[in-house]
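To start, the structure itself, in structure tokens.
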Amino acid sequence: MGRHVTMKIGGRTITAELLEDEAPNVCAAFADSLPCESFSTHAKFAGEELIIMVPFYSNAENEILNVKAGDIGYYPGRQTICIFYGGVTPFGKVSLFARVVEGLPGLKSVGQKILKSGPVNAKINAAKEV
């Protein structure tokens with residue numbers, strides 16, 4: 001198993017596995033930026049997608065367009081990661097670099113909260129070996 005990160009978003013916690021074989025540079029830049037405290041917003045048109053601002057840049061790699069619930073992508077040049085928690089059609093390719101392995105169902109209530117009340121706090125803990 002690879003390295004994992006824990007993300008606490010709007011009071012809900014998820015665990016994600018970094019896909020270091022598929023996106024080694026994005027994973028390294030992401031891991032080097034941790035721990036990170038930020039905020040999460042919600043996609044307006046793409047669907048069930050949470051967006052978190054992050055303090056790193058990386059080039060695109062492992063780009064995909066057809067995402068599924070649990071995928072975590074990075075938008076190169078925008079300093080944002082996106083957590084897809086349900087039905088979604090992204091506007092462009094994302095660098096798939098992690099996948100939620102625990103806590104995905106709880107993100108639906110976070111998404112509804114953000115859409116109703118605005119951004120919520122997000123904290124991403126340092127990656128660790130599992």
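How things are named: the first chain in the structure tokens is A, the next is B, and so on; residues count from 1 in each chain; ligands count from 1 in the order shown.
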
_Which residues are close to A:Phe84, i.e. within 9 Å by only C-alpha atoms, leaving aside same-chain residues fewer than 5 positions away? Reply as a list of chain:residue names._
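Once the nearby chain positions are removed, what remains is A:Gly47, A:Glu48, A:Glu49, A:Leu50, A:Ile51, A:Val67, A:Lys68, A:Ala69, A:Gly70, A:Asp71, A:Ile72, A:Gly73.
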
Okay, now the selection with N, CA and C atoms, as a short mmCIF file (atom, residue, chain, number, x, y, z; two decimals), in the first residue's frame?
data_model
loop_
_atom_site.label_atom_id
_atom_site.label_comp_id
_atom_site.auth_asym_id
_atom_site.auth_seq_id
_atom_site.Cartn_x
_atom_site.Cartn_y
_atom_site.Cartn_z
N GLY A 47 -20.82 19.53 -11.15
CA GLY A 47 -21.48 18.46 -10.41
C GLY A 47 -20.95 18.34 -9.01
N GLU A 48 -20.92 17.11 -8.50
CA GLU A 48 -20.56 16.86 -7.10
C GLU A 48 -19.04 16.82 -6.95
N GLU A 49 -18.48 18.01 -6.77
CA GLU A 49 -17.03 18.21 -6.73
C GLU A 49 -16.69 19.26 -5.69
N LEU A 50 -15.85 18.89 -4.73
CA LEU A 50 -15.31 19.84 -3.76
C LEU A 50 -13.95 20.31 -4.26
N ILE A 51 -13.66 21.57 -4.04
CA ILE A 51 -12.41 22.17 -4.50
C ILE A 51 -11.67 22.74 -3.30
N VAL A 67 -13.79 11.14 -14.72
CA VAL A 67 -13.54 10.88 -13.31
C VAL A 67 -14.71 10.11 -12.72
N LYS A 68 -14.46 9.52 -11.55
CA LYS A 68 -15.52 8.83 -10.84
C LYS A 68 -15.47 9.22 -9.37
N ALA A 69 -16.54 8.94 -8.67
CA ALA A 69 -16.61 9.28 -7.25
C ALA A 69 -15.42 8.66 -6.52
N GLY A 70 -14.75 9.48 -5.71
CA GLY A 70 -13.58 9.04 -4.96
C GLY A 70 -12.27 9.47 -5.58
N ASP A 71 -12.28 9.85 -6.85
CA ASP A 71 -11.06 10.35 -7.49
C ASP A 71 -10.70 11.72 -6.95
N ILE A 72 -9.40 11.98 -6.82
CA ILE A 72 -8.91 13.29 -6.41
C ILE A 72 -7.94 13.75 -7.49
N GLY A 73 -8.25 14.90 -8.06
CA GLY A 73 -7.43 15.42 -9.14
C GLY A 73 -6.81 16.76 -8.78
#

*asked:* What parts of chain A does DSSP call helix (DSSP H, G or I)? I'd like the answer as a list in words.
replied: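 For chain A, the helix (DSSP H, G or I) set is Pro24, Asn25, Val26, Cys27, Ala28, Ala29, Phe30, Ala31, Asp32, Leu104, Pro105, Gly106, Leu107, Lys108, Ser109, Val110, Gly111, Gln112, Lys113, Ile114, Leu115, Lys116 and Ser117 of chain A.
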
*Tell me which of A:Ser58, A:Thr80, A:Ile124, A:Lys113 sits closest to A:Cys27, counting only C-alpha atoms.*
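When distances to A:Cys27 are compared using only C-alpha atoms, the smallest one comes from A:Ser58.
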
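Shortest separation to A:Leu104 among A:Ala126, A:Val5, A:Ala31, A:Ile83 occurs at residue A:Ile83, atoms counted being only C-alpha atoms.
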
*asked:* Could you list, as an MDAnalysis selection string, every residue within 12 Å of A:Asp21, counting only C-alpha atoms and ignoring same-chain residues fewer than 3 positions away?
replied: chainID A and resid 1:3 17:18 24:28 61:62 96:98

Selection above as a file: C-alpha atoms, as a PDB file, in the first residue's frame:
ATOM      1  CA  MET A   1       0.000   0.000   0.000  1.00  0.00           C
ATOM      2  CA  GLY A   2       1.101   3.558  -0.670  1.00  0.00           C
ATOM      3  CA  ARG A   3       1.139   6.692   1.407  1.00  0.00           C
ATOM      4  CA  GLU A  17      -4.235   6.981  -0.952  1.00  0.00           C
ATOM      5  CA  LEU A  18      -1.652   8.779  -3.075  1.00  0.00           C
ATOM      6  CA  PRO A  24       4.836  10.789  -8.905  1.00  0.00           C
ATOM      7  CA  ASN A  25       5.545  14.509  -9.388  1.00  0.00           C
ATOM      8  CA  VAL A  26       2.097  15.738  -8.324  1.00  0.00           C
ATOM      9  CA  CYS A  27       2.145  13.376  -5.333  1.00  0.00           C
ATOM     10  CA  ALA A  28       5.599  14.603  -4.280  1.00  0.00           C
ATOM     11  CA  GLU A  61       0.552  14.075 -15.345  1.00  0.00           C
ATOM     12  CA  ASN A  62      -1.830  11.116 -15.381  1.00  0.00           C
ATOM     13  CA  LEU A  96      -5.491  12.110 -11.070  1.00  0.00           C
ATOM     14  CA  PHE A  97      -3.114  11.695  -8.120  1.00  0.00           C
ATOM     15  CA  ALA A  98      -5.127  10.204  -5.238  1.00  0.00           C
TER      16      ALA A  98
END

_So that I can check the surroundings of A:Ser40, please list as number ranges by chain every protein, DNA and RNA residue that reaches within 12 Å of it, counting only C-alpha atoms and ignoring chain neighbours fewer than 2 positions away._
A: 7-12, 37-38, 42-43, 49-54, 80-83, 107, 110-111, 113-115, 117-124

*Go through stretch 23-126 of chain A and collect every residue that DSSP, computed from the backbone, puts in strand (DSSP E or B); the answer should be as a ChimeraX atom specification.*
/A:36-42,47-53,63-64,71-75,80-88,94-102,120-124

How would the residues just picked look written out with C-alpha atoms as a short mmCIF file (atom, residue, chain, number, x, y, z; two decimals), in the first residue's frame?
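Produced file again_8.cif, reproduced below:
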data_model
loop_
_atom_site.label_atom_id
_atom_site.label_comp_id
_atom_site.auth_asym_id
_atom_site.auth_seq_id
_atom_site.Cartn_x
_atom_site.Cartn_y
_atom_site.Cartn_z
CA CYS A 36 -1.96 22.40 4.92
CA GLU A 37 -4.83 24.47 6.24
CA SER A 38 -7.12 25.94 3.61
CA PHE A 39 -10.77 26.16 2.64
CA SER A 40 -13.11 24.20 0.42
CA THR A 41 -15.66 25.47 -2.06
CA HIS A 42 -18.02 23.58 -4.34
CA GLY A 47 -21.48 18.46 -10.41
CA GLU A 48 -20.56 16.86 -7.10
CA GLU A 49 -17.03 18.21 -6.73
CA LEU A 50 -15.31 19.84 -3.76
CA ILE A 51 -12.41 22.17 -4.50
CA ILE A 52 -9.56 22.95 -2.08
CA MET A 53 -6.90 25.60 -2.59
CA GLU A 63 -4.48 13.36 -16.94
CA ILE A 64 -8.01 12.03 -17.21
CA ASP A 71 -11.06 10.35 -7.49
CA ILE A 72 -8.91 13.29 -6.41
CA GLY A 73 -7.43 15.42 -9.14
CA TYR A 74 -5.12 18.39 -9.41
CA TYR A 75 -5.76 21.29 -11.78
CA THR A 80 -6.48 23.56 -6.56
CA ILE A 81 -7.31 19.95 -5.96
CA CYS A 82 -10.75 18.55 -6.61
CA ILE A 83 -12.45 15.73 -4.77
CA PHE A 84 -15.16 14.11 -6.84
CA TYR A 85 -17.78 12.67 -4.49
CA GLY A 86 -20.62 11.83 -6.90
CA GLY A 87 -21.85 12.50 -10.40
CA VAL A 88 -19.64 15.03 -12.14
CA VAL A 94 -7.35 16.76 -14.22
CA SER A 95 -4.17 15.11 -13.00
CA LEU A 96 -5.49 12.11 -11.07
CA PHE A 97 -3.11 11.70 -8.12
CA ALA A 98 -5.13 10.20 -5.24
CA ARG A 99 -8.24 8.21 -4.45
CA VAL A 100 -10.51 8.31 -1.41
CA VAL A 101 -10.32 5.01 0.48
CA GLU A 102 -12.39 5.95 3.54
CA VAL A 120 -15.76 25.56 4.91
CA ASN A 121 -12.39 24.95 6.55
CA ALA A 122 -10.17 22.20 5.21
CA LYS A 123 -7.09 20.64 6.80
CA ILE A 124 -4.86 18.09 5.11
#
